[in-house]
$ cat my_file.csv   # CSV, C-alpha atoms
chain,number,residue,atom,x,y,z
W,1,MET,CA,0.0,0.0,0.0
W,2,LEU,CA,2.8,2.4,0.9
W,3,THR,CA,4.8,1.5,-2.2
W,4,SER,CA,1.7,2.2,-4.4
W,5,THR,CA,1.4,5.6,-2.8
W,6,VAL,CA,5.1,6.4,-3.3
W,7,CYS,CA,5.0,5.3,-6.9
W,8,ALA,CA,1.9,7.3,-7.6
W,9,ALA,CA,3.5,10.4,-6.0
W,10,VAL,CA,6.7,9.9,-8.1
W,11,SER,CA,4.7,9.6,-11.3
W,12,ALA,CA,2.6,12.7,-10.5
W,13,ALA,CA,5.8,14.7,-9.8
W,14,GLY,CA,7.3,13.5,-13.0
W,15,LEU,CA,4.2,14.4,-15.0
W,16,GLY,CA,4.3,17.9,-13.4
W,17,ILE,CA,7.9,18.3,-14.5
W,18,ALA,CA,6.9,17.2,-18.0
W,19,ALA,CA,4.1,19.7,-18.1
W,20,LEU,CA,6.6,22.5,-17.1
W,21,THR,CA,9.0,21.4,-19.7
W,22,ALA,CA,6.3,21.4,-22.3
W,23,TYR,CA,5.3,24.9,-21.2
W,24,ARG,CA,8.8,26.0,-22.1
W,25,LYS,CA,8.3,24.7,-25.6
W,26,ARG,CA,10.6,21.7,-25.2
W,27,PHE,CA,8.2,19.1,-26.4
W,28,LEU,CA,10.6,16.3,-27.1
W,29,ALA,CA,12.2,16.5,-23.7
W,30,ALA,CA,8.7,16.7,-22.1
W,31,THR,CA,7.7,13.6,-23.9
W,32,ARG,CA,10.7,11.7,-22.6
W,33,ILE,CA,10.1,12.9,-19.0
W,34,ALA,CA,6.5,11.9,-19.2
W,35,ALA,CA,7.5,8.4,-20.5
W,36,PHE,CA,9.9,8.0,-17.5
W,37,ALA,CA,7.3,9.3,-15.1
W,38,LEU,CA,4.7,6.7,-16.1
W,39,ILE,CA,7.0,3.8,-15.4
W,40,PRO,CA,6.5,3.6,-11.6
W,41,ILE,CA,2.7,3.7,-11.7
W,42,GLY,CA,2.7,1.2,-14.6
W,43,LEU,CA,4.8,-1.2,-12.5
W,44,VAL,CA,2.4,-0.8,-9.6
W,45,MET,CA,-0.6,-1.5,-11.8
W,46,THR,CA,0.9,-4.7,-13.2
W,47,GLY,CA,1.8,-6.0,-9.8
W,48,VAL,CA,5.6,-6.0,-10.3
W,49,VAL,CA,6.2,-3.8,-7.3
W,50,ASP,CA,4.3,-6.1,-5.0
W,51,TRP,CA,6.3,-9.1,-6.4
W,52,VAL,CA,9.6,-7.3,-5.8
W,53,THR,CA,8.7,-6.2,-2.3
W,54,SER,CA,7.7,-9.8,-1.5
W,55,ILE,CA,11.1,-11.0,-2.7
W,56,VAL,CA,13.1,-8.4,-0.8
W,57,PHE,CA,11.9,-9.5,2.6
W,58,LYS,CA,12.5,-13.2,2.2
W,59,PRO,CA,15.8,-14.5,3.6
W,60,THR,CA,15.9,-17.5,1.2
W,61,VAL,CA,15.9,-15.0,-1.7
W,62,TRP,CA,18.9,-13.2,-0.2
W,63,ALA,CA,20.7,-16.5,0.3
W,64,GLY,CA,20.0,-17.3,-3.4
W,65,PHE,CA,21.6,-14.0,-4.4
W,66,GLY,CA,24.6,-14.9,-2.2
W,67,VAL,CA,25.0,-18.2,-3.9
W,68,LEU,CA,24.8,-16.5,-7.3
W,69,ALA,CA,27.4,-14.0,-6.2
W,70,ILE,CA,29.8,-16.8,-5.1
W,71,SER,CA,29.3,-18.5,-8.4
W,72,ALA,CA,30.1,-15.3,-10.3
W,73,ALA,CA,33.2,-14.7,-8.2
W,74,LEU,CA,34.4,-18.3,-8.8
W,75,PHE,CA,33.9,-17.9,-12.5
W,76,ALA,CA,35.8,-14.6,-12.6
W,77,LEU,CA,38.6,-16.1,-10.5
W,78,SER,CA,39.0,-19.1,-12.8
W,79,ARG,CA,39.2,-16.8,-15.8
W,80,LEU,CA,41.8,-14.7,-14.1
W,81,VAL,CA,44.0,-17.7,-13.2
W,82,GLU,CA,43.5,-19.0,-16.8
W,83,ARG,CA,44.8,-15.7,-18.3
W,84,ARG,CA,47.7,-15.5,-15.9
W,85,ARG,CA,48.8,-19.0,-16.7
W,86,GLY,CA,48.6,-18.3,-20.4
W,87,VAL,CA,46.3,-21.2,-21.1
W,88,ALA,CA,45.0,-20.8,-24.5
W,89,GLY,CA,41.3,-20.5,-24.8
W,90,ARG,CA,39.1,-22.2,-27.4
W,91,LYS,CA,39.4,-19.4,-29.9
W,92,GLU,CA,43.2,-19.3,-29.7
W,93,ARG,CA,43.4,-23.1,-30.1
W,94,ARG,CA,41.2,-23.0,-33.2
W,95,ALA,CA,43.2,-20.1,-34.6
W,96,ALA,CA,46.5,-22.0,-34.0
W,97,ALA,CA,45.1,-25.1,-35.6
W,98,GLY,CA,43.9,-23.1,-38.6
W,99,SER,CA,47.3,-21.4,-39.1
W,100,GLU,CA,49.1,-24.7,-39.1
W,101,ALA,CA,46.8,-26.1,-41.8
W,102,THR,CA,47.4,-23.0,-44.0
W,103,ALA,CA,51.2,-23.1,-43.7
W,104,VAL,CA,51.6,-26.4,-45.5
W,105,ALA,CA,50.7,-26.9,-49.2
W,106,PRO,CA,47.9,-29.5,-49.8
W,107,ALA,CA,50.2,-32.2,-51.2
W,108,ALA,CA,53.5,-31.2,-49.6
W,109,SER,CA,55.2,-33.0,-46.8
W,110,ALA,CA,56.9,-29.9,-45.4
W,111,PRO,CA,56.0,-26.2,-45.2
W,112,SER,CA,56.6,-24.4,-48.5
W,113,LEU,CA,58.5,-21.1,-48.4
W,114,GLY,CA,57.2,-19.9,-51.7
W,115,PRO,CA,59.2,-18.8,-54.8
W,116,GLY,CA,61.9,-16.3,-54.2
W,117,ARG,CA,62.1,-16.7,-50.4
W,118,LYS,CA,65.2,-18.0,-48.7
W,119,ALA,CA,65.5,-19.5,-45.3
W,120,PRO,CA,66.3,-16.9,-42.7
W,121,THR,CA,69.9,-16.8,-41.6
W,122,SER,CA,70.9,-16.0,-38.0
W,123,ALA,CA,72.8,-12.8,-37.4
W,124,PRO,CA,76.2,-13.0,-35.9
W,125,ALA,CA,76.3,-12.5,-32.2
W,126,PRO,CA,78.0,-9.3,-31.0
W,127,SER,CA,81.3,-9.8,-29.2
W,128,ALA,CA,81.3,-9.7,-25.4
W,129,GLY,CA,83.8,-6.8,-25.3
W,130,SER,CA,81.7,-4.3,-27.4
W,131,ALA,CA,78.7,-2.7,-25.7
W,132,PRO,CA,75.7,-2.2,-28.1
W,133,LYS,CA,74.5,1.3,-28.5
W,134,ASP,CA,70.7,0.7,-28.9
W,135,ASP,CA,70.2,-2.9,-27.8
W,136,PHE,CA,66.4,-3.3,-27.4
W,137,SER,CA,66.3,-6.9,-28.4
W,138,ASP,CA,65.1,-8.0,-25.0
W,139,ILE,CA,62.3,-5.4,-25.0
W,140,GLU,CA,61.3,-6.4,-28.5
W,141,ALA,CA,61.2,-10.0,-27.5
W,142,ILE,CA,58.9,-9.2,-24.6
W,143,LEU,CA,56.6,-7.1,-26.8
W,144,LYS,CA,56.5,-9.9,-29.4
W,145,LYS,CA,55.6,-12.4,-26.7
W,146,HIS,CA,52.6,-10.3,-25.7
W,147,GLY,CA,51.6,-9.6,-29.3
W,148,ILE,CA,52.4,-5.9,-29.3
$ encode --input "my_file.csv" --output "structure tokens"
Amino acid sequence: MLTSTVCAAVSAAGLGIAALTAYRKRFLAATRIAAFALIPIGLVMTGVVDWVTSIVFKPTVWAGFGVLAISAALFALSRLVERRRGVAGRKERRAAAGSEATAVAPAASAPSLGPGRKAPTSAPAPSAGSAPKDDFSDIEAILKKHGI
């Protein structure tokens, strides 16, 4: 009963604000305000408010929400651990399987390099005595590892 009165008062106040807005020749805004103002009284008339208030005061309902919260937290925790471990998800495994299939020609027993390409050669290692000026190879390796 009290919730019905409060919802009716909120709707009446919203319709009053909509009327003032329409008086100021802002009809589009007034229409939107009126639409929002009619929601509380519509919920009371359909019985949704009584249903919600009956749910709020039952301890078993709150226990159910607690169980759902624990479930969501466990799911989020498992996803976090999975990402930290670097375990590939289903999409990554499918992408990796698809890239392996495209690297080999249909009738070839080894991956084809294509015409004009040569096998990559390793660069000579710098001597231990010389200090490299701009050696960012370790940073580049980290960035490549993370796909950046």
$ atom_distance --input "my_file.csv" --atom1 "atom CA of W:Ile148" --atom2 "atom CA of W:Val81"
21.7 Å
$ residues_around --input "my_file.csv" --residues "W:Ala19" --least-positions-apart "3" --cutoff "12 Å" --atoms "all atoms listed in the file" --output "PDB file with C-alpha atoms, in the frame of the given file"
ATOM      1  CA  ALA W  12       2.600  12.700 -10.500  1.00  0.00           C
ATOM      2  CA  ALA W  13       5.800  14.700  -9.800  1.00  0.00           C
ATOM      3  CA  GLY W  14       7.300  13.500 -13.000  1.00  0.00           C
ATOM      4  CA  LEU W  15       4.200  14.400 -15.000  1.00  0.00           C
ATOM      5  CA  GLY W  16       4.300  17.900 -13.400  1.00  0.00           C
ATOM      6  CA  ALA W  22       6.300  21.400 -22.300  1.00  0.00           C
ATOM      7  CA  TYR W  23       5.300  24.900 -21.200  1.00  0.00           C
ATOM      8  CA  ARG W  24       8.800  26.000 -22.100  1.00  0.00           C
ATOM      9  CA  LYS W  25       8.300  24.700 -25.600  1.00  0.00           C
ATOM     10  CA  ARG W  26      10.600  21.700 -25.200  1.00  0.00           C
ATOM     11  CA  PHE W  27       8.200  19.100 -26.400  1.00  0.00           C
ATOM     12  CA  LEU W  28      10.600  16.300 -27.100  1.00  0.00           C
ATOM     13  CA  ALA W  29      12.200  16.500 -23.700  1.00  0.00           C
ATOM     14  CA  ALA W  30       8.700  16.700 -22.100  1.00  0.00           C
ATOM     15  CA  THR W  31       7.700  13.600 -23.900  1.00  0.00           C
ATOM     16  CA  ARG W  32      10.700  11.700 -22.600  1.00  0.00           C
ATOM     17  CA  ILE W  33      10.100  12.900 -19.000  1.00  0.00           C
ATOM     18  CA  ALA W  34       6.500  11.900 -19.200  1.00  0.00           C
ATOM     19  CA  ALA W  37       7.300   9.300 -15.100  1.00  0.00           C
TER      20      ALA W  37
END
$ atom_distance --input "my_file.csv" --atom1 "atom CA of W:Gly42" --atom2 "atom CA of W:Val10"
11.6 Å
$ atom_distance --input "my_file.csv" --atom1 "atom CA of W:Glu140" --atom2 "atom CA of W:Gly86"
19.2 Å
$ closest_atom_pairs --input "my_file.csv" --of "stretch 1-25 of chain W" --to "stretch 48-62 of chain W" --cutoff "12 Å" --atoms "all atoms listed in the file" --output "CSV"
residue,atom,partner,partner_atom,distance
W:Met1,CA,W:Asp50,CA,9.0
W:Leu2,CA,W:Asp50,CA,10.5
W:Thr3,CA,W:Val49,CA,7.5
W:Ser4,CA,W:Val49,CA,8.0
W:Thr5,CA,W:Val49,CA,11.5
W:Val6,CA,W:Val49,CA,11.0
W:Cys7,CA,W:Val49,CA,9.2
W:Ala8,CA,W:Val49,CA,11.9
